[in-house]
$ cat start.cif   # mmCIF, C-alpha atoms
data_final
loop_
_atom_site.label_atom_id
_atom_site.label_comp_id
_atom_site.auth_asym_id
_atom_site.auth_seq_id
_atom_site.Cartn_x
_atom_site.Cartn_y
_atom_site.Cartn_z
CA MET A 294 -21.41 3.66 -1.09
CA PRO A 295 -17.84 3.76 -2.36
CA ALA A 296 -17.42 2.73 -5.99
CA ASP A 297 -15.05 0.01 -4.78
CA ASP A 298 -17.91 -1.79 -3.09
CA HIS A 299 -19.91 -2.07 -6.26
CA ALA A 300 -19.36 -5.79 -6.70
CA HIS A 301 -20.50 -6.64 -3.21
CA ASP A 302 -23.95 -5.37 -4.02
CA HIS A 303 -24.49 -7.52 -7.04
CA GLY A 304 -24.75 -11.24 -6.54
CA SER A 305 -24.64 -11.84 -10.28
CA GLU A 306 -21.20 -10.27 -10.59
CA VAL A 307 -19.92 -12.14 -7.57
CA SER A 308 -20.92 -15.52 -8.93
CA GLU A 309 -19.59 -14.60 -12.35
CA MET A 310 -16.34 -13.61 -10.69
CA GLN A 311 -16.16 -16.92 -8.84
CA LEU A 312 -16.42 -18.77 -12.13
CA ARG A 313 -13.95 -16.58 -13.97
CA VAL A 314 -11.34 -16.68 -11.20
CA LYS A 315 -11.69 -20.43 -10.87
CA ALA A 316 -11.21 -20.77 -14.63
CA LEU A 317 -8.07 -18.62 -14.60
CA GLU A 318 -6.62 -20.56 -11.67
CA THR A 319 -7.31 -23.81 -13.53
CA ILE A 320 -5.59 -22.57 -16.67
CA LEU A 321 -2.54 -21.29 -14.79
CA THR A 322 -2.29 -24.53 -12.81
CA GLU A 323 -2.67 -26.75 -15.89
CA LYS A 324 0.04 -24.78 -17.63
CA GLY A 325 2.36 -25.29 -14.69
CA TYR A 326 2.69 -21.62 -13.73
CA VAL A 327 1.21 -21.86 -10.23
CA ASP A 328 1.00 -24.50 -7.51
CA PRO A 329 -2.44 -24.58 -5.83
CA ALA A 330 -0.84 -25.65 -2.53
CA ALA A 331 1.30 -22.51 -2.60
CA LEU A 332 -1.82 -20.44 -3.33
CA ASP A 333 -3.57 -22.02 -0.32
CA GLN A 334 -0.55 -21.17 1.82
CA ILE A 335 -0.54 -17.52 0.71
CA VAL A 336 -4.18 -17.20 1.73
CA GLU A 337 -3.51 -19.01 5.00
CA ASN A 338 -0.66 -16.59 5.77
CA PHE A 339 -3.08 -13.69 5.61
CA GLU A 340 -5.78 -15.53 7.53
CA THR A 341 -3.63 -16.82 10.36
CA ARG A 342 -0.14 -15.28 10.50
CA ILE A 343 0.00 -11.73 9.21
CA GLY A 344 -2.15 -9.02 10.71
CA PRO A 345 -2.31 -5.89 12.83
CA HIS A 346 -1.40 -7.88 15.96
CA ILE A 347 2.19 -7.71 14.68
CA GLY A 348 2.18 -3.91 14.42
CA ALA A 349 0.45 -3.69 17.81
CA GLN A 350 3.31 -5.62 19.43
CA VAL A 351 5.86 -3.33 17.79
CA VAL A 352 4.03 -0.24 19.06
CA ALA A 353 3.58 -1.68 22.57
CA ARG A 354 7.27 -2.46 22.82
CA ALA A 355 8.14 1.04 21.64
CA TRP A 356 5.93 2.39 24.43
CA ILE A 357 7.72 0.49 27.18
CA ASP A 358 11.26 0.39 25.80
CA PRO A 359 12.73 3.81 24.90
CA GLU A 360 15.84 2.22 23.41
CA PHE A 361 13.70 0.04 21.11
CA LYS A 362 11.62 3.07 20.19
CA SER A 363 14.62 5.09 19.12
CA ARG A 364 15.87 2.17 17.02
CA LEU A 365 12.39 1.75 15.52
CA LEU A 366 12.21 5.41 14.51
CA GLU A 367 15.77 5.23 13.16
CA ASP A 368 15.34 2.01 11.14
CA GLY A 369 11.88 0.48 11.27
CA THR A 370 12.74 -2.59 9.18
CA THR A 371 15.62 -3.75 11.38
CA ALA A 372 13.85 -2.95 14.65
CA ALA A 373 10.68 -4.83 13.64
CA ASN A 374 12.76 -7.81 12.47
CA THR A 375 14.47 -8.10 15.84
CA MET A 376 11.15 -8.96 17.46
CA GLY A 377 10.86 -12.72 17.89
CA GLY A 378 8.35 -14.68 15.87
CA PHE A 379 7.94 -12.09 13.17
CA ASP A 380 8.08 -12.71 9.48
CA PRO A 381 10.88 -10.78 7.88
CA VAL A 382 9.87 -7.23 7.06
CA ALA A 383 11.71 -7.05 3.77
CA ALA A 384 9.96 -3.92 2.62
CA HIS A 385 11.42 -0.64 3.75
CA LEU A 386 9.43 0.09 6.93
CA ILE A 387 9.40 3.63 8.31
CA ALA A 388 7.88 4.24 11.74
CA VAL A 389 6.50 7.73 12.34
CA GLU A 390 5.63 8.93 15.80
CA ASN A 391 2.57 10.89 16.86
CA THR A 392 3.27 13.65 19.38
CA PRO A 393 1.13 16.37 20.95
CA GLU A 394 2.35 18.59 18.08
CA VAL A 395 2.04 16.26 15.07
CA HIS A 396 -0.51 13.65 14.02
CA ASN A 397 0.50 11.29 11.20
CA LEU A 398 -1.84 9.83 8.59
CA VAL A 399 -0.88 7.25 5.96
CA VAL A 400 -2.44 6.90 2.50
CA CYS A 401 -1.65 5.60 -0.97
CA THR A 402 -3.34 7.95 -3.42
CA LEU A 403 -2.16 5.98 -6.49
CA CYS A 404 -3.12 2.43 -5.52
CA SER A 405 -3.19 0.59 -2.17
CA CYS A 406 0.36 0.50 -0.74
CA TYR A 407 0.12 -0.52 2.89
CA PRO A 408 2.55 -1.91 5.52
CA ALA A 409 1.27 -5.46 5.02
CA SER A 410 4.13 -7.11 6.90
CA VAL A 411 3.03 -5.43 10.13
CA LEU A 412 -0.70 -4.75 9.50
CA GLY A 413 -1.81 -7.53 7.13
CA LEU A 414 -4.26 -6.69 4.37
CA PRO A 415 -5.71 -3.19 4.11
CA PRO A 416 -9.43 -2.66 4.79
CA VAL A 417 -11.68 -1.77 1.85
CA TRP A 418 -11.96 1.87 2.93
CA TYR A 419 -8.17 2.32 2.72
CA LYS A 420 -8.28 1.23 -0.94
CA SER A 421 -11.41 3.22 -1.76
CA ALA A 422 -11.68 6.36 -3.87
CA PRO A 423 -13.06 8.52 -1.02
CA TYR A 424 -10.05 7.86 1.22
CA ARG A 425 -7.42 8.00 -1.52
CA SER A 426 -8.80 11.26 -2.92
CA ARG A 427 -9.46 13.11 0.33
CA ALA A 428 -6.72 12.10 2.77
CA VAL A 429 -4.25 14.51 1.16
CA ILE A 430 -6.59 17.50 0.73
CA ASP A 431 -9.15 17.11 3.53
CA PRO A 432 -7.48 15.06 6.28
CA LYS A 433 -9.50 16.72 9.05
CA GLY A 434 -12.73 15.83 7.28
CA VAL A 435 -11.57 12.24 6.90
CA LEU A 436 -10.49 12.04 10.54
CA ALA A 437 -13.84 13.43 11.64
CA GLU A 438 -15.57 10.57 9.81
CA PHE A 439 -13.48 8.20 11.92
CA GLY A 440 -14.49 10.08 15.06
CA VAL A 441 -11.02 11.58 15.54
CA THR A 442 -10.90 15.24 16.47
CA LEU A 443 -7.52 16.85 17.04
CA PRO A 444 -6.71 20.09 18.84
CA GLN A 445 -6.79 23.07 16.46
CA GLU A 446 -3.05 23.63 16.75
CA THR A 447 -2.04 20.02 16.01
CA GLN A 448 -0.15 19.70 12.73
CA ILE A 449 -1.34 16.94 10.43
CA ARG A 450 1.28 15.14 8.42
CA ILE A 451 0.07 12.98 5.56
CA TRP A 452 2.39 10.31 4.16
CA ASP A 453 1.52 9.37 0.58
CA SER A 454 3.02 5.91 -0.03
CA THR A 455 4.20 6.50 -3.59
CA ALA A 456 7.19 4.09 -3.49
CA GLU A 457 8.05 0.76 -1.83
CA THR A 458 8.66 2.45 1.50
CA ARG A 459 5.88 1.67 3.99
CA PHE A 460 4.70 3.67 6.98
CA LEU A 461 3.66 2.59 10.46
CA VAL A 462 2.21 5.23 12.76
CA VAL A 463 3.34 4.94 16.38
CA PRO A 464 0.44 6.51 18.29
CA MET A 465 0.76 8.24 21.65
CA ARG A 466 0.55 5.95 24.66
CA PRO A 467 -2.76 6.42 26.46
CA ALA A 468 -2.71 7.96 29.91
CA GLY A 469 -3.42 5.64 32.82
CA THR A 470 -1.36 2.73 31.50
CA GLU A 471 1.66 3.14 33.74
CA GLY A 472 3.15 -0.21 34.66
CA TRP A 473 1.17 -2.12 32.03
CA SER A 474 2.81 -5.09 30.32
CA GLU A 475 3.64 -5.17 26.64
CA GLU A 476 0.79 -7.61 26.08
CA GLN A 477 -1.74 -5.44 27.91
CA LEU A 478 -0.62 -2.38 25.96
CA ALA A 479 -0.76 -4.22 22.61
CA ALA A 480 -4.47 -4.83 23.23
CA LEU A 481 -5.01 -1.06 23.12
CA VAL A 482 -3.36 -0.64 19.72
CA THR A 483 -5.93 -0.77 16.95
CA ARG A 484 -5.21 -1.16 13.26
CA ASP A 485 -6.64 2.27 12.54
CA CYS A 486 -4.41 4.02 15.06
CA MET A 487 -1.38 2.59 13.23
CA ILE A 488 -2.72 4.07 9.95
CA GLY A 489 -3.51 7.39 11.64
CA THR A 490 -7.31 7.24 11.29
CA GLY A 491 -7.77 6.29 14.92
CA VAL A 492 -6.34 6.67 18.37
CA PRO A 493 -5.54 3.80 20.76
CA ARG A 494 -8.28 2.41 22.95
CA VAL A 495 -8.30 3.88 26.42
CA PRO A 496 -7.81 1.66 29.48
CA GLN A 497 -11.53 1.87 30.38
CA GLU A 498 -12.49 0.43 26.97
CA ALA A 499 -9.98 -2.39 27.32
CA ALA A 500 -11.40 -3.34 30.71
CA ARG A 501 -14.86 -3.89 29.25
CA MET B 1426 -0.74 5.58 -17.66
CA THR B 1427 0.10 8.64 -15.77
CA ASN B 1428 -2.91 10.93 -15.91
CA SER B 1429 -5.50 8.21 -15.52
CA ILE B 1430 -8.28 7.74 -12.99
CA HIS B 1431 -6.09 5.89 -10.44
CA ASP B 1432 -4.30 9.16 -9.63
CA MET B 1433 -6.96 10.31 -7.17
CA GLY B 1434 -5.18 12.55 -4.68
CA GLY B 1435 -7.13 15.79 -4.23
CA MET B 1436 -10.18 14.82 -6.30
CA HIS B 1437 -13.65 15.72 -5.08
CA GLY B 1438 -16.97 13.95 -5.37
CA PHE B 1439 -16.30 10.41 -4.16
CA GLY B 1440 -18.24 10.93 -0.96
CA SER B 1441 -17.46 9.99 2.61
CA VAL B 1442 -15.10 7.28 3.80
CA GLU B 1443 -17.21 4.37 4.96
CA ALA B 1444 -15.52 1.92 7.27
CA GLU B 1445 -17.17 -1.48 7.55
CA PRO B 1446 -17.42 -2.71 11.15
CA ASN B 1447 -15.82 -6.11 11.69
CA GLU B 1448 -14.78 -6.24 8.07
CA PRO B 1449 -13.83 -9.74 6.89
CA LEU B 1450 -10.39 -10.31 5.40
CA PHE B 1451 -12.00 -11.21 2.07
CA HIS B 1452 -15.58 -10.60 0.98
CA ALA B 1453 -15.73 -13.71 -1.21
CA ALA B 1454 -13.57 -16.79 -1.68
CA TRP B 1455 -12.53 -15.65 -5.16
CA GLU B 1456 -10.96 -12.49 -3.72
CA ALA B 1457 -8.52 -14.62 -1.72
CA ARG B 1458 -7.66 -16.63 -4.84
CA VAL B 1459 -7.02 -13.44 -6.84
CA ARG B 1460 -4.75 -12.14 -4.07
CA ALA B 1461 -2.81 -15.43 -4.11
CA LEU B 1462 -2.67 -15.66 -7.91
CA GLN B 1463 -1.28 -12.15 -8.14
CA ARG B 1464 1.44 -13.01 -5.64
CA ALA B 1465 2.32 -16.31 -7.32
CA MET B 1466 2.33 -14.89 -10.85
CA GLY B 1467 4.35 -11.90 -9.69
CA ALA B 1468 6.94 -14.32 -8.32
CA THR B 1469 7.48 -15.81 -11.79
CA GLY B 1470 9.18 -12.55 -12.73
CA VAL B 1471 7.41 -12.30 -16.09
CA TRP B 1472 6.26 -8.84 -15.10
CA THR B 1473 7.17 -6.51 -12.25
CA LEU B 1474 5.07 -5.10 -9.45
CA ASP B 1475 5.01 -1.79 -11.29
CA GLY B 1476 4.03 -3.61 -14.46
CA PHE B 1477 1.04 -4.99 -12.57
CA ARG B 1478 0.11 -1.54 -11.27
CA ALA B 1479 0.41 -0.17 -14.80
CA ALA B 1480 -1.93 -2.90 -16.06
CA GLN B 1481 -4.60 -1.69 -13.63
CA GLU B 1482 -4.05 1.90 -14.68
CA LEU B 1483 -4.64 0.86 -18.30
CA LEU B 1484 -8.17 -0.32 -17.49
CA PRO B 1485 -10.77 2.09 -18.91
CA PRO B 1486 -11.63 4.68 -16.23
CA LEU B 1487 -15.26 3.57 -15.99
CA THR B 1488 -14.17 -0.05 -15.52
CA TYR B 1489 -11.62 1.01 -12.90
CA LEU B 1490 -14.20 2.95 -10.91
CA SER B 1491 -17.04 0.45 -11.16
CA SER B 1492 -14.95 -2.62 -10.31
CA SER B 1493 -14.31 -3.73 -6.75
CA TYR B 1494 -10.65 -3.83 -5.73
CA TYR B 1495 -10.04 -7.48 -6.39
CA ALA B 1496 -12.17 -7.45 -9.53
CA ARG B 1497 -9.77 -4.78 -10.79
CA TRP B 1498 -6.81 -6.98 -9.85
CA PHE B 1499 -8.41 -9.90 -11.65
CA ARG B 1500 -8.95 -7.91 -14.84
CA ALA B 1501 -5.34 -6.71 -14.71
CA LEU B 1502 -4.13 -10.27 -14.11
CA GLU B 1503 -6.10 -11.61 -17.07
CA ARG B 1504 -4.73 -8.82 -19.22
CA GLN B 1505 -1.15 -9.54 -18.11
CA VAL B 1506 -1.14 -13.30 -18.73
CA VAL B 1507 -2.50 -12.75 -22.24
CA ARG B 1508 -0.30 -9.78 -23.07
CA HIS B 1509 2.84 -11.63 -21.99
CA GLY B 1510 1.93 -14.70 -24.03
CA LEU B 1511 1.43 -17.05 -21.08
CA VAL B 1512 -2.22 -17.76 -21.86
CA GLY B 1513 -4.18 -17.46 -25.12
CA GLU B 1514 -7.42 -15.53 -25.50
CA ASP B 1515 -8.93 -18.82 -26.68
CA GLU B 1516 -7.97 -20.46 -23.39
CA ILE B 1517 -9.55 -17.65 -21.36
CA THR B 1518 -12.72 -18.19 -23.41
CA ALA B 1519 -12.55 -21.97 -23.02
CA GLY B 1520 -11.85 -21.76 -19.29
CA ARG B 1521 -9.11 -24.40 -19.55
CA ALA B 1522 -5.62 -24.86 -20.95
CA LEU B 1523 -5.57 -25.79 -24.64
CA ARG B 1524 -1.76 -25.98 -24.90
CA PRO B 1525 1.11 -26.72 -22.55
CA GLY B 1526 2.56 -23.73 -20.73
CA ILE B 1527 5.75 -22.01 -21.78
CA ARG B 1528 8.83 -22.51 -19.60
CA LEU B 1529 9.25 -19.89 -16.89
CA ASN B 1530 12.38 -19.15 -14.90
CA ARG B 1531 10.69 -19.22 -11.52
CA LYS B 1532 7.64 -20.71 -9.87
CA LEU B 1533 6.45 -19.95 -6.36
CA THR B 1534 6.68 -23.16 -4.32
CA LEU B 1535 4.88 -24.13 -1.16
CA ASP B 1536 8.11 -23.53 0.77
CA ASP B 1537 8.40 -20.04 -0.75
CA ALA B 1538 4.85 -19.32 0.35
CA LYS B 1539 5.59 -20.56 3.86
CA ALA B 1540 8.71 -18.38 4.08
CA ASN B 1541 6.51 -15.42 3.09
CA ARG B 1542 9.33 -13.14 2.02
CA SER B 1543 8.28 -10.03 0.19
CA GLY B 1544 10.39 -8.66 -2.61
CA ARG B 1545 13.18 -6.16 -2.08
CA TYR B 1546 13.35 -3.03 -4.15
CA ASP B 1547 16.48 -1.38 -2.79
CA ARG B 1548 19.47 -1.55 -5.12
CA PRO B 1549 23.14 -0.55 -5.09
CA ALA B 1550 23.56 3.10 -6.01
CA PRO B 1551 25.07 3.75 -9.44
CA ALA B 1552 25.89 7.36 -8.47
CA PRO B 1553 25.92 9.57 -5.37
CA ALA B 1554 22.63 11.11 -4.25
CA ARG B 1555 22.05 14.53 -5.79
CA PHE B 1556 20.03 15.87 -2.86
CA LYS B 1557 20.31 15.78 0.92
CA ALA B 1558 17.90 16.38 3.79
CA GLY B 1559 16.96 20.04 4.01
CA ASP B 1560 17.41 20.79 0.31
CA ALA B 1561 14.73 22.90 -1.35
CA ILE B 1562 13.42 21.25 -4.52
CA ARG B 1563 10.75 21.73 -7.13
CA THR B 1564 9.07 18.62 -8.50
CA ARG B 1565 9.14 18.38 -12.24
CA ASN B 1566 6.03 18.83 -14.30
CA ILE B 1567 5.96 15.56 -16.19
CA ASN B 1568 3.06 13.92 -17.98
CA PRO B 1569 4.34 10.63 -19.36
CA THR B 1570 1.82 8.38 -21.09
CA THR B 1571 3.45 5.44 -19.31
CA HIS B 1572 3.53 4.56 -15.59
CA THR B 1573 4.87 7.03 -13.04
CA ARG B 1574 4.67 7.39 -9.26
CA LEU B 1575 4.69 11.17 -9.20
CA PRO B 1576 1.06 12.06 -8.48
CA ARG B 1577 -0.51 14.93 -10.42
CA TYR B 1578 -1.20 16.97 -7.29
CA ALA B 1579 2.53 17.06 -6.50
CA ARG B 1580 3.91 18.11 -9.88
CA GLY B 1581 5.65 21.46 -10.33
CA LYS B 1582 5.49 22.12 -6.57
CA LEU B 1583 8.04 23.55 -4.16
CA GLY B 1584 9.03 21.19 -1.38
CA THR B 1585 11.80 20.18 0.97
CA VAL B 1586 13.79 16.98 1.05
CA GLU B 1587 13.18 15.53 4.49
CA ALA B 1588 15.02 12.21 4.23
CA VAL B 1589 17.12 10.20 1.81
CA ARG B 1590 15.68 6.67 1.65
CA GLY B 1591 18.36 4.87 -0.36
CA CYS B 1592 18.47 3.78 -3.96
CA HIS B 1593 15.54 1.79 -5.33
CA VAL B 1594 14.08 0.23 -8.48
CA PHE B 1595 12.64 3.07 -10.59
CA PRO B 1596 8.96 2.29 -11.21
CA ASP B 1597 8.75 4.39 -14.37
CA SER B 1598 11.36 2.09 -15.99
CA SER B 1599 10.42 -1.16 -14.29
CA ALA B 1600 6.77 -0.90 -15.37
CA ILE B 1601 7.64 -0.79 -19.07
CA GLY B 1602 10.20 -3.58 -19.06
CA ALA B 1603 13.16 -1.17 -19.13
CA GLY B 1604 14.91 -2.80 -16.16
CA ASP B 1605 15.51 -1.65 -12.62
CA ASN B 1606 17.27 1.62 -13.55
CA PRO B 1607 17.92 2.29 -9.81
CA GLN B 1608 17.32 5.84 -8.61
CA TRP B 1609 17.68 7.63 -5.29
CA LEU B 1610 14.48 7.93 -3.34
CA TYR B 1611 13.60 10.84 -1.05
CA THR B 1612 10.80 11.77 1.30
CA VAL B 1613 9.77 15.20 0.03
CA VAL B 1614 7.42 17.30 2.12
CA PHE B 1615 5.10 20.07 0.93
CA ALA B 1616 3.09 22.65 2.79
CA GLY B 1617 -0.64 22.11 2.30
CA ARG B 1618 -0.90 25.63 0.88
CA GLU B 1619 1.73 24.90 -1.77
CA LEU B 1620 -0.40 22.00 -3.00
CA TRP B 1621 -3.91 23.31 -2.48
CA GLY B 1622 -3.64 27.09 -2.44
CA GLU B 1623 -3.87 29.91 0.06
CA GLU B 1624 -7.27 28.80 1.35
CA ALA B 1625 -5.83 25.49 2.53
CA ASP B 1626 -5.44 24.61 6.20
CA PRO B 1627 -1.98 25.82 7.35
CA ALA B 1628 -1.79 22.87 9.76
CA ILE B 1629 -1.41 20.37 6.90
CA LYS B 1630 1.79 18.98 5.44
CA VAL B 1631 1.91 16.24 2.83
CA SER B 1632 4.88 14.14 1.83
CA ILE B 1633 5.46 11.89 -1.13
CA GLU B 1634 8.22 9.38 -1.75
CA ALA B 1635 9.95 10.94 -4.75
CA PHE B 1636 12.54 9.39 -7.04
CA GLU B 1637 15.42 11.64 -8.05
CA PRO B 1638 14.31 12.08 -11.70
CA TYR B 1639 11.11 13.70 -10.35
CA LEU B 1640 13.08 16.51 -8.69
CA SER B 1641 14.99 19.62 -9.68
CA PRO B 1642 16.81 22.05 -7.38
CA ALA B 1643 14.55 24.93 -6.33
#
$ encode --input "start.cif" --output "structure tokens"
Amino acid sequence: MPADDHAHDHGSEVSEMQLRVKALETILTEKGYVDPAALDQIVENFETRIGPHIGAQVVARAWIDPEFKSRLLEDGTTAANTMGGFDPVAAHLIAVENTPEVHNLVVCTLCSCYPASVLGLPPVWYKSAPYRSRAVIDPKGVLAEFGVTLPQETQIRIWDSTAETRFLVVPMRPAGTEGWSEEQLAALVTRDCMIGTGVPRVPQEAAR
Amino acid sequence: MTNSIHDMGGMHGFGSVEAEPNEPLFHAAWEARVRALQRAMGATGVWTLDGFRAAQELLPPLTYLSSSYYARWFRALERQVVRHGLVGEDEITAGRALRPGIRLNRKLTLDDAKANRSGRYDRPAPAPARFKAGDAIRTRNINPTTHTRLPRYARGKLGTVEAVRGCHVFPDSSAIGAGDNPQWLYTVVFAGRELWGEEADPAIKVSIEAFEPYLSPA
């Protein structure tokens, strides 16, 4: 059990937290520092607008459009922003491509930096001590826990997100998807494969 | 603080990475409120993003480790509003405002929240970049008692500049209220063996995003 999950095991802390957070929100609202409607909207953004479906569309387009892919790898922020319906990716987005030679893995050892504009909120494991401590020293061990085994000769490149630059892994396109539409391909792109702890679903999985 | 428990890269003993199947976005309603409060209070500009990170790093190590992620954020948030004079300790205890708020320059509106623009941290360069892609560097061995983004595992190490990422707000200054102090930012890559010794897997390379003051020519 990661230390980060501690609170989820203890109902008493959870209810205490509910009260304390409610109290702080009340104080900050009464003092005029925050607008509860804006707070609701921020939560709603995460619940309904921002999530890994955005990154999946970016990856799928890169798979079918070589010109888009080269622009994405050159300047991830601008390329992602050109895709219709997206929220502006103001943060400095860097797309890194998996190849048969190199597998990319993204971590933030110091806190929880994550490409939120294209993947939404990070999962608990990404923010946990086991992942943050081990991704940089034992990436193969970490990948094995996610069921990812790479060929012996594959280089592993770990990107520690120590500044406001953010990393999106562009995984390799699965075999057997020739002629697929962008939408069909996007359905194969999982959140984890855009962090580097997974690989895309294979066509047989998608058919199920 | 620099050498505190948050700087976890390379530590042992935390166990395996446990992914939760079908993990919910938030595990309790209060987590969502903390996430939103952090965003809204950050937008007031009273403290910076790095100031908020530093506030978490100032939590006692045992508190840091035993708190869930959003509980940690909440504790840092409480600490920040009191430390910056926005809320009194007595009001935290009372659970309600006992005095009117002070006037702030900015307040996140509903329209701001709908526009959902994240902050920008790139800045005009005050000087040319000192390094270019391909340059050999050694990271400095620094141990400031204030915030830094140079992890312990990557200090005093030989690496290569892989990319120049532009000029950005310098977290070490921004966190302590010393302004943006823009610095060039580089992706610096290290061989796994440089970081972890000769026994390390030769197939591993690790990069950090390193601000120019962290680097010296090799």
$ closest_residue --input "start.cif" --among "A:Thr341, A:Asn397, A:Asn391, A:Gln350" --to "Leu436 of chain A" --atoms "only C-alpha atoms"
A:Asn397
$ atom_distance --input "start.cif" --atom1 "atom CA of His1509 of chain B" --atom2 "atom CA of Lys324 of chain A"
14.1 Å
$ residues_around --input "start.cif" --residues "Thr455 of chain A" --least-positions-apart "6" --cutoff "12 Å" --atoms "all atoms listed in the file" --output "VMD selection string"
(chain A and resid 399 to 407 425) or (chain B and resid 1432 1434 1475 1478 1573 to 1577 1579 1595 to 1597 1610 to 1613 1631 to 1636)
$ resolve_selection --input "start.cif" --expression "the PyMOL selection byres ((chain B) within 6 of (chain A))" --output "ChimeraX atom specification"
/B:1431-1436,1439-1442,1444,1455,1461,1490-1491,1493-1494,1520-1522,1525-1526,1534-1535,1538,1543,1574,1628-1634
$ resolve_selection --input "start.cif" --expression "the PyMOL selection byres ((chain B and resi 1555-1560) around 6)" --output "ChimeraX atom specification"
/B:1554,1561,1585-1588
$ atom_distance --input "start.cif" --atom1 "atom CA of Ala1600 of chain B" --atom2 "atom CA of Leu1474 of chain B"
7.5 Å
$ closest_residue --input "start.cif" --among "A:Val389, A:Cys486, A:Ala499, A:Leu412" --to "Phe460 of chain A" --atoms "only C-alpha atoms"
A:Val389
$ closest_residue --input "start.cif" --among "B:Ile1601, B:Thr1570, B:Arg1563, B:Arg1590" --to "Ala1643 of chain B" --atoms "only C-alpha atoms"
B:Arg1563
$ atom_distance --input "start.cif" --atom1 "atom CA of Ser1641 of chain B" --atom2 "atom CA of Leu1483 of chain B"
28.5 Å
$ residues_around --input "start.cif" --residues "segment 1544-1550 of chain B" --least-positions-apart "3" --cutoff "8 Å" --atoms "all atoms listed in the file" --output "PyMOL selection string"
(chain A and resi 383-384+457) or (chain B and resi 1553+1591-1594+1607-1609)
$ write_last_selection --input "start.cif" --atoms "C-alpha atoms" --output "compact mmCIF listing (two decimals), in the frame of the given file"
# COMPACT_ATOMS: atom_id res chain seq x y z
CA ALA A 383 11.71 -7.05 3.77
CA ALA A 384 9.96 -3.92 2.62
CA GLU A 457 8.05 0.76 -1.83
CA PRO B 1553 25.92 9.57 -5.37
CA GLY B 1591 18.36 4.87 -0.36
CA CYS B 1592 18.47 3.78 -3.96
CA HIS B 1593 15.54 1.79 -5.33
CA VAL B 1594 14.08 0.23 -8.48
CA PRO B 1607 17.92 2.29 -9.81
CA GLN B 1608 17.32 5.84 -8.61
CA TRP B 1609 17.68 7.63 -5.29
$ closest_residue --input "start.cif" --among "A:Ala388, A:Ile347, A:Val463, A:Val492" --to "Gly440 of chain A" --atoms "all atoms listed in the file"
A:Val492
$ resolve_selection --input "start.cif" --expression "the PyMOL selection byres ((chain B and resi 1531) around 7)" --output "list in words"
Ala1468, Thr1469, Gly1470, Leu1529, Asn1530, Lys1532 and Leu1533 of chain B
$ build_atoms --input "start.cif" --residues "segment 1622-1633 of chain B" --atoms "N, CA and C atoms" --output "PDB file, keeping the file's coordinate frame"
ATOM      1  N   GLY B1622      -3.328  25.678  -2.360  1.00  0.00           N
ATOM      2  CA  GLY B1622      -3.640  27.090  -2.440  1.00  0.00           C
ATOM      3  C   GLY B1622      -3.775  27.771  -1.093  1.00  0.00           C
ATOM      4  N   GLU B1623      -3.907  29.088  -1.148  1.00  0.00           N
ATOM      5  CA  GLU B1623      -3.870  29.910   0.060  1.00  0.00           C
ATOM      6  C   GLU B1623      -5.025  29.633   1.017  1.00  0.00           C
ATOM      7  N   GLU B1624      -6.106  29.069   0.501  1.00  0.00           N
ATOM      8  CA  GLU B1624      -7.270  28.800   1.350  1.00  0.00           C
ATOM      9  C   GLU B1624      -7.061  27.537   2.195  1.00  0.00           C
ATOM     10  N   ALA B1625      -6.008  26.787   1.866  1.00  0.00           N
ATOM     11  CA  ALA B1625      -5.830  25.490   2.530  1.00  0.00           C
ATOM     12  C   ALA B1625      -5.463  25.664   3.999  1.00  0.00           C
ATOM     13  N   ASP B1626      -5.736  24.637   4.772  1.00  0.00           N
ATOM     14  CA  ASP B1626      -5.440  24.610   6.200  1.00  0.00           C
ATOM     15  C   ASP B1626      -3.923  24.683   6.409  1.00  0.00           C
ATOM     16  N   PRO B1627      -3.429  25.706   7.134  1.00  0.00           N
ATOM     17  CA  PRO B1627      -1.980  25.820   7.350  1.00  0.00           C
ATOM     18  C   PRO B1627      -1.406  24.707   8.225  1.00  0.00           C
ATOM     19  N   ALA B1628      -2.268  23.933   8.867  1.00  0.00           N
ATOM     20  CA  ALA B1628      -1.790  22.870   9.760  1.00  0.00           C
ATOM     21  C   ALA B1628      -1.415  21.592   8.994  1.00  0.00           C
ATOM     22  N   ILE B1629      -1.607  21.600   7.662  1.00  0.00           N
ATOM     23  CA  ILE B1629      -1.410  20.370   6.900  1.00  0.00           C
ATOM     24  C   ILE B1629      -0.079  20.357   6.149  1.00  0.00           C
ATOM     25  N   LYS B1630       0.615  19.242   6.266  1.00  0.00           N
ATOM     26  CA  LYS B1630       1.790  18.980   5.440  1.00  0.00           C
ATOM     27  C   LYS B1630       1.620  17.607   4.809  1.00  0.00           C
ATOM     28  N   VAL B1631       2.037  17.501   3.546  1.00  0.00           N
ATOM     29  CA  VAL B1631       1.910  16.240   2.830  1.00  0.00           C
ATOM     30  C   VAL B1631       3.271  15.854   2.286  1.00  0.00           C
ATOM     31  N   SER B1632       3.638  14.577   2.458  1.00  0.00           N
ATOM     32  CA  SER B1632       4.880  14.140   1.830  1.00  0.00           C
ATOM     33  C   SER B1632       4.600  13.045   0.820  1.00  0.00           C
ATOM     34  N   ILE B1633       5.458  12.999  -0.185  1.00  0.00           N
ATOM     35  CA  ILE B1633       5.460  11.890  -1.130  1.00  0.00           C
ATOM     36  C   ILE B1633       6.846  11.248  -1.076  1.00  0.00           C
TER      37      ILE B1633
END
